>>> print(open('target_29.txt').read())   # compact mmCIF, C-alpha atoms
# COMPACT_ATOMS: atom_id res chain seq x y z
CA SER A 1 15.06 -21.01 155.84
CA VAL A 2 11.63 -20.29 157.28
CA GLU A 3 11.78 -16.72 155.96
CA ASP A 4 12.51 -17.93 152.40
CA LEU A 5 9.52 -20.28 152.59
CA LYS A 6 7.23 -17.53 153.83
CA GLN A 7 8.26 -15.29 150.94
CA LEU A 8 7.67 -18.10 148.46
CA ALA A 9 4.24 -18.86 149.92
CA GLU A 10 3.29 -15.17 149.86
CA HIS A 11 4.40 -14.83 146.23
CA TYR A 12 2.28 -17.73 145.00
CA SER A 13 -0.63 -16.67 147.21
CA ARG A 14 -0.68 -13.27 145.48
CA LYS A 15 -0.25 -14.82 142.05
CA ALA A 16 -2.94 -17.49 142.48
CA LYS A 17 -5.19 -15.17 144.52
CA THR A 18 -5.60 -17.76 147.24
CA ARG A 19 -3.84 -18.70 150.46
CA ILE A 20 -0.93 -21.03 149.77
CA THR A 21 0.79 -22.38 152.87
CA ILE A 22 4.25 -23.74 153.55
CA ASN A 23 2.64 -27.14 153.99
CA ASP A 24 1.12 -26.85 150.49
CA ILE A 25 4.59 -26.19 149.09
CA PHE A 26 6.12 -29.28 150.63
CA CYS A 27 3.18 -31.53 149.78
CA SER A 28 3.62 -30.43 146.17
CA CYS A 29 7.39 -31.00 146.26
CA VAL A 30 6.98 -34.46 147.81
CA SER A 31 4.43 -35.46 145.17
CA ALA A 32 6.89 -34.43 142.45
CA ALA A 33 9.59 -36.54 144.12
CA ILE A 34 7.26 -39.56 144.16
CA VAL A 35 6.68 -39.15 140.42
CA LYS A 36 10.46 -39.14 139.85
CA GLN A 37 10.82 -42.15 142.13
CA LEU A 38 8.23 -43.94 140.00
CA GLN A 39 10.14 -43.05 136.84
CA TYR A 40 13.26 -44.53 138.46
CA HIS A 41 11.48 -47.81 139.21
CA ARG A 42 10.25 -48.01 135.61
CA ALA A 43 13.77 -47.41 134.29
CA VAL A 44 15.43 -50.14 136.38
CA SER A 45 12.70 -52.77 135.98
CA ASP A 46 11.92 -54.58 132.73
CA THR A 47 8.79 -56.24 134.11
CA LEU A 48 6.86 -53.41 135.76
CA GLY A 49 6.30 -51.25 132.70
CA LEU A 50 2.93 -49.53 132.58
CA LYS A 51 1.74 -51.38 135.68
CA LEU A 52 3.21 -48.51 137.68
CA GLU A 53 0.97 -45.80 136.27
CA LEU A 54 0.10 -43.20 138.90
CA PRO A 55 -2.21 -40.51 137.51
CA TYR A 56 -3.13 -39.43 141.04
CA MET A 57 -1.94 -40.28 144.52
CA ASN A 58 -3.56 -40.23 147.92
CA LEU A 59 -1.78 -38.05 150.46
CA VAL A 60 -2.33 -38.24 154.22
CA ILE A 61 -1.82 -35.17 156.42
CA PRO A 62 -2.09 -35.53 160.22
CA VAL A 63 -4.12 -32.72 161.79
CA HIS A 64 -3.98 -31.60 165.43
CA LEU A 65 -7.61 -30.89 166.34
CA SER A 66 -6.75 -27.89 168.52
CA GLY A 67 -4.18 -26.44 166.14
CA GLY A 68 -1.24 -27.80 168.10
CA ILE A 69 -2.13 -25.67 171.13
CA ILE A 70 -2.66 -27.29 174.55
CA LEU A 71 -4.98 -25.14 176.62
CA PRO A 72 -4.48 -24.62 180.39
CA GLY A 73 -5.80 -27.61 182.32
CA GLN A 74 -6.03 -29.73 179.18
CA SER A 75 -4.28 -33.10 179.12
CA MET A 76 -1.62 -33.55 176.46
CA GLY A 77 -3.26 -36.61 174.93
CA ASN A 78 -3.35 -37.59 171.30
CA LYS A 79 -5.75 -35.08 169.77
CA ILE A 80 -4.70 -35.89 166.22
CA GLY A 81 -6.89 -36.77 163.27
CA ALA A 82 -5.95 -37.06 159.61
CA MET A 83 -7.25 -36.11 156.22
CA VAL A 84 -6.68 -37.94 152.96
CA SER A 85 -6.49 -35.92 149.75
CA ARG A 86 -6.27 -37.12 146.16
CA ILE A 87 -3.64 -34.94 144.51
CA PRO A 88 -2.30 -35.03 140.93
CA ALA A 89 0.75 -37.13 140.22
CA GLU A 90 1.34 -37.76 136.52
CA ASP A 91 -2.00 -36.47 135.21
CA GLY A 92 -3.24 -32.91 135.18
CA ILE A 93 0.25 -31.42 134.78
CA ASP A 94 1.37 -29.97 131.44
CA THR A 95 4.54 -31.95 130.74
CA SER A 96 5.34 -29.79 127.72
CA SER A 97 6.08 -26.85 130.01
CA THR A 98 9.40 -26.05 131.63
CA SER A 99 10.20 -27.72 134.94
CA ALA A 100 9.64 -24.40 136.75
CA LYS A 101 6.20 -23.88 135.16
CA MET A 102 5.29 -27.52 135.89
CA ALA A 103 6.26 -26.97 139.53
CA GLU A 104 3.97 -23.93 139.73
CA ASP A 105 1.05 -25.79 138.10
CA ARG A 106 1.51 -28.69 140.50
CA LEU A 107 1.57 -26.40 143.53
CA ILE A 108 -1.64 -24.62 142.52
CA SER A 109 -3.37 -27.96 141.84
CA VAL A 110 -2.28 -29.40 145.19
CA ASN A 111 -3.33 -26.23 147.02
CA LYS A 112 -6.80 -26.39 145.48
CA VAL A 113 -7.32 -29.98 146.61
CA LEU A 114 -5.98 -29.42 150.12
CA THR A 115 -7.99 -26.22 150.61
CA GLU A 116 -11.22 -28.02 149.69
CA ARG A 117 -10.38 -30.92 152.02
CA LYS A 118 -9.75 -28.57 154.95
CA GLN A 119 -13.36 -27.41 154.71
CA THR A 120 -14.63 -30.90 155.55
CA PRO A 121 -14.84 -32.67 158.95
CA ALA A 122 -12.48 -35.43 157.72
CA ALA A 123 -9.88 -34.89 160.47
CA VAL A 124 -12.46 -35.00 163.28
CA LEU A 125 -14.16 -38.09 161.84
CA SER A 126 -10.83 -39.91 161.50
CA TYR A 127 -9.99 -39.06 165.12
CA LEU A 128 -13.32 -40.44 166.32
CA MET A 129 -12.86 -43.57 164.20
CA ALA A 130 -9.37 -44.17 165.59
CA SER A 131 -10.71 -43.70 169.12
CA VAL A 132 -13.40 -46.32 168.53
CA MET A 133 -10.88 -48.75 167.04
CA GLY A 134 -8.57 -48.22 170.01
CA PHE A 135 -11.44 -48.88 172.42
CA MET A 136 -12.32 -52.06 170.53
CA GLY A 137 -8.70 -53.18 170.74
CA ARG A 138 -8.61 -52.71 174.50
CA GLY A 139 -11.84 -54.67 174.83
CA VAL A 140 -10.59 -57.56 172.72
CA SER A 141 -7.26 -57.60 174.56
CA SER A 142 -9.04 -57.70 177.92
CA SER A 143 -11.28 -60.56 176.80
CA SER A 144 -8.30 -62.52 175.48
CA THR A 145 -6.43 -62.08 178.77
CA MET A 146 -9.41 -63.29 180.79
CA GLY A 147 -9.66 -66.42 178.63
CA LEU A 148 -6.02 -67.53 178.77
CA ASP A 149 -6.88 -70.78 180.51
CA ASP A 150 -9.48 -71.77 177.94
CA GLU A 151 -8.41 -74.55 175.61
CA GLU A 152 -10.57 -73.39 172.71
CA ASP A 153 -9.08 -70.70 170.44
CA GLU A 154 -11.81 -68.16 169.74
CA GLY A 155 -10.01 -66.39 166.90
CA PRO A 156 -7.18 -63.99 166.10
CA PRO A 157 -6.01 -61.74 168.96
CA SER A 158 -6.23 -57.94 168.97
CA SER A 159 -2.61 -57.80 167.76
CA PHE A 160 -3.97 -59.11 164.45
CA TRP A 161 -7.17 -57.10 164.18
CA LEU A 162 -5.86 -53.63 164.98
CA PRO A 163 -3.07 -53.48 162.34
CA PHE A 164 -5.50 -55.06 159.87
CA LEU A 165 -8.17 -52.42 160.54
CA PHE A 166 -5.71 -49.52 160.42
CA GLU A 167 -4.19 -50.83 157.19
CA LYS A 168 -7.63 -50.98 155.58
CA ALA A 169 -8.33 -47.43 156.77
CA HIS A 170 -5.39 -45.73 155.04
CA ALA A 171 -7.37 -45.12 151.81
CA ASN A 172 -4.62 -46.64 149.65
CA ALA A 173 -2.40 -43.64 150.40
CA SER A 174 1.10 -43.37 148.95
CA VAL A 175 2.61 -40.96 151.48
CA VAL A 176 2.14 -39.18 154.80
CA VAL A 177 3.43 -35.60 155.09
CA THR A 178 3.47 -33.93 158.49
CA ASN A 179 5.05 -30.75 159.81
CA VAL A 180 6.55 -30.07 163.23
CA ARG A 181 7.16 -26.49 164.32
CA GLY A 182 10.09 -26.29 166.70
CA PRO A 183 11.55 -23.44 168.76
CA GLU A 184 12.32 -20.33 166.75
CA LYS A 185 15.58 -19.70 168.63
CA LEU A 186 18.59 -21.81 169.53
CA ILE A 187 17.94 -23.80 172.70
CA HIS A 188 20.40 -25.35 175.16
CA LEU A 189 20.43 -28.60 177.09
CA ASP A 190 22.60 -28.66 180.20
CA GLY A 191 24.37 -25.57 178.92
CA ARG A 192 25.14 -27.06 175.51
CA PRO A 193 23.57 -25.64 172.33
CA VAL A 194 21.30 -27.85 170.26
CA HIS A 195 22.32 -27.08 166.71
CA ARG A 196 19.90 -29.33 164.86
CA SER A 197 16.60 -31.09 165.39
CA LEU A 198 15.26 -33.87 163.16
CA GLY A 199 11.76 -35.33 162.98
CA PHE A 200 10.82 -38.98 162.68
CA LEU A 201 7.56 -40.48 161.43
CA PRO A 202 6.79 -44.16 162.16
CA LEU A 203 5.08 -45.49 159.05
CA PRO A 204 1.37 -46.20 159.50
CA PRO A 205 0.35 -49.73 158.40
CA GLY A 206 0.12 -49.96 154.63
CA ILE A 207 1.67 -46.58 153.77
CA PRO A 208 5.18 -46.87 152.26
CA ILE A 209 6.50 -43.30 152.60
CA GLY A 210 6.49 -40.77 155.42
CA VAL A 211 7.99 -37.28 155.30
CA VAL A 212 8.49 -34.90 158.23
CA VAL A 213 8.92 -31.17 157.60
CA SER A 214 10.37 -29.62 160.76
CA SER A 215 11.55 -26.14 161.64
CA TYR A 216 14.06 -25.15 164.30
CA ASN A 217 16.02 -21.96 164.87
CA GLN A 218 14.54 -20.41 161.69
CA GLN A 219 15.78 -23.31 159.53
CA VAL A 220 13.73 -26.04 157.85
CA SER A 221 14.76 -29.68 157.50
CA LEU A 222 13.17 -32.76 155.96
CA THR A 223 13.43 -36.39 156.95
CA VAL A 224 11.99 -39.38 155.14
CA THR A 225 11.03 -42.80 156.46
CA ALA A 226 10.18 -45.34 153.80
CA GLU A 227 9.95 -48.97 152.85
CA PRO A 228 13.12 -49.98 150.95
CA TRP A 229 11.12 -51.28 147.99
CA ALA A 230 9.42 -47.88 147.61
CA VAL A 231 12.39 -45.58 148.27
CA PRO A 232 15.67 -47.47 147.95
CA ASN A 233 17.73 -44.28 148.33
CA ALA A 234 16.36 -41.71 150.80
CA ASP A 235 19.05 -39.13 149.96
CA GLN A 236 18.09 -39.24 146.29
CA PHE A 237 14.42 -38.86 147.19
CA LEU A 238 15.13 -35.74 149.26
CA ASP A 239 17.27 -34.39 146.41
CA TRP A 240 14.20 -34.66 144.15
CA VAL A 241 12.15 -32.76 146.74
CA ALA A 242 14.84 -30.05 146.81
CA GLU A 243 14.92 -29.87 143.00
CA GLU A 244 11.18 -29.19 142.89
CA TYR A 245 11.55 -26.52 145.56
CA ALA A 246 14.36 -24.91 143.55
CA SER A 247 12.08 -24.92 140.48
CA LEU A 248 9.38 -23.10 142.45
CA ARG A 249 11.91 -20.49 143.55
CA SER A 250 13.17 -20.10 139.99
CA GLN A 251 9.64 -19.63 138.65
CA ALA A 252 8.81 -17.15 141.40
CA PHE A 253 11.92 -14.99 141.55
CA GLY A 254 13.67 -15.68 138.25
CA ILE A 255 16.72 -17.20 139.89
CA GLU A 256 18.33 -20.62 139.85
CA ALA A 257 18.26 -21.62 143.48
CA VAL A 258 19.57 -24.70 145.22
CA SER A 259 17.62 -25.46 148.38
CA ASN A 260 19.37 -25.80 151.72
CA LEU A 261 16.83 -28.38 152.94
>>> encode(input="target_29.txt", output="structure tokens")
Amino acid sequence: SVEDLKQLAEHYSRKAKTRITINDIFCSCVSAAIVKQLQYHRAVSDTLGLKLELPYMNLVIPVHLSGGIILPGQSMGNKIGAMVSRIPAEDGIDTSSTSAKMAEDRLISVNKVLTERKQTPAAVLSYLMASVMGFMGRGVSSSSTMGLDDEEDEGPPSSFWLPFLFEKAHANASVVVTNVRGPEKLIHLDGRPVHRSLGFLPLPPGIPIGVVVSSYNQQVSLTVTAEPWAVPNADQFLDWVAEEYASLRSQAFGIEAVSNL
């Protein structure tokens, strides 16, 4: 639940003497799941071997430039940038420790990286870059439309250039993690209660895994969108996320907890 997550974040914030957020917790849990997914691929493939080393991974977090708040008179628009952070995967974590202690070390390492990244203008710059690329795409599309009757082909259309540019701009990221805060109370549509709400993240070009952390009616749920070659079993991937979360709870409160994610 949301309350459980807040308590967990507050516990580690006091222990680490820094502000650890719910988003930090899930970014850490997702990175642990990716490491386990990598171990799975190594186990089932005889040819990949050490080619799949992943000491660090690049994580993308979408950022709403106004904090998700739409001011009066402001158009809804797409005021979203993104920041890319290099977080530890298989390096920088003491593998001789217990799983619970490893989970804590990973969380603190991830929090440190994300906190430093939040102090930079990365999200604003990425928003401006995406705006420029979108403007270029409209210009190219308009020019192509005007020249439909020309016999000479002047080059690839905008449908080629835009995905190419966006794919090159993803900084070789492994995963996108985003959070969606829903209504805190049960809502109704046409008099019928909505018992559950699930998020969906279309994969950006070149990024194989996307995870949505969403809250609704004081409960938290996760959904994963992924390329089949990266995550062949989404349920197993989410189980690994839940295992890491349970390890964090065990390390924090001294209990063996199974997450209800």
>>> closest_residue(input="target_29.txt", among="A:Leu71, A:Trp240, A:Val63, A:Ser109", to="A:Pro121", atoms="only C-alpha atoms")
A:Val63
>>> residues_around(input="target_29.txt", residues="stretch 174-184 of chain A", least_positions_apart="4", cutoff="9 Å", atoms="only C-alpha atoms", output="number ranges by chain")
A: 23, 26-27, 30-31, 34, 57-63, 197, 199, 201, 203-204, 206-219
>>> closest_residue(input="target_29.txt", among="A:Gln39, A:Ser45, A:Ser99, A:Gln7", to="A:Ala246", atoms="all atoms listed in the file")
A:Ser99
>>> atom_distance(input="target_29.txt", atom1="atom CA of A:Ser247", atom2="atom CA of A:Val231")
22.1 Å
>>> atom_distance(input="target_29.txt", atom1="atom CA of A:Pro228", atom2="atom CA of A:Met83")
25.2 Å
>>> residues_around(input="target_29.txt", residues="A:Asp239", least_positions_apart="3", cutoff="12 Å", atoms="only C-alpha atoms", output="mmCIF file with C-alpha atoms, in the coordinates of the input")
data_model
loop_
_atom_site.group_PDB
_atom_site.id
_atom_site.type_symbol
_atom_site.label_atom_id
_atom_site.label_comp_id
_atom_site.auth_asym_id
_atom_site.auth_seq_id
_atom_site.Cartn_x
_atom_site.Cartn_y
_atom_site.Cartn_z
ATOM 1 C CA CYS A 29 7.390 -31.000 146.260
ATOM 2 C CA VAL A 30 6.980 -34.460 147.810
ATOM 3 C CA ALA A 32 6.890 -34.430 142.450
ATOM 4 C CA ALA A 33 9.590 -36.540 144.120
ATOM 5 C CA ILE A 34 7.260 -39.560 144.160
ATOM 6 C CA LYS A 36 10.460 -39.140 139.850
ATOM 7 C CA GLN A 37 10.820 -42.150 142.130
ATOM 8 C CA LEU A 222 13.170 -32.760 155.960
ATOM 9 C CA THR A 223 13.430 -36.390 156.950
ATOM 10 C CA VAL A 224 11.990 -39.380 155.140
ATOM 11 C CA ASN A 233 17.730 -44.280 148.330
ATOM 12 C CA ALA A 234 16.360 -41.710 150.800
ATOM 13 C CA ASP A 235 19.050 -39.130 149.960
ATOM 14 C CA GLN A 236 18.090 -39.240 146.290
ATOM 15 C CA ALA A 242 14.840 -30.050 146.810
ATOM 16 C CA GLU A 243 14.920 -29.870 143.000
ATOM 17 C CA GLU A 244 11.180 -29.190 142.890
ATOM 18 C CA TYR A 245 11.550 -26.520 145.560
ATOM 19 C CA ALA A 246 14.360 -24.910 143.550
ATOM 20 C CA VAL A 258 19.570 -24.700 145.220
ATOM 21 C CA SER A 259 17.620 -25.460 148.380
ATOM 22 C CA ASN A 260 19.370 -25.800 151.720
ATOM 23 C CA LEU A 261 16.830 -28.380 152.940
#
>>> residues_around(input="target_29.txt", residues="A:Asp24", least_positions_apart="6", cutoff="9 Å", atoms="all atoms listed in the file", output="list in words")
Ala9, Leu107, Ile108, Val110, Asn111 and Leu114 of chain A
>>> atom_distance(input="target_29.txt", atom1="atom CA of A:Arg196", atom2="atom CA of A:Phe237")
20.8 Å
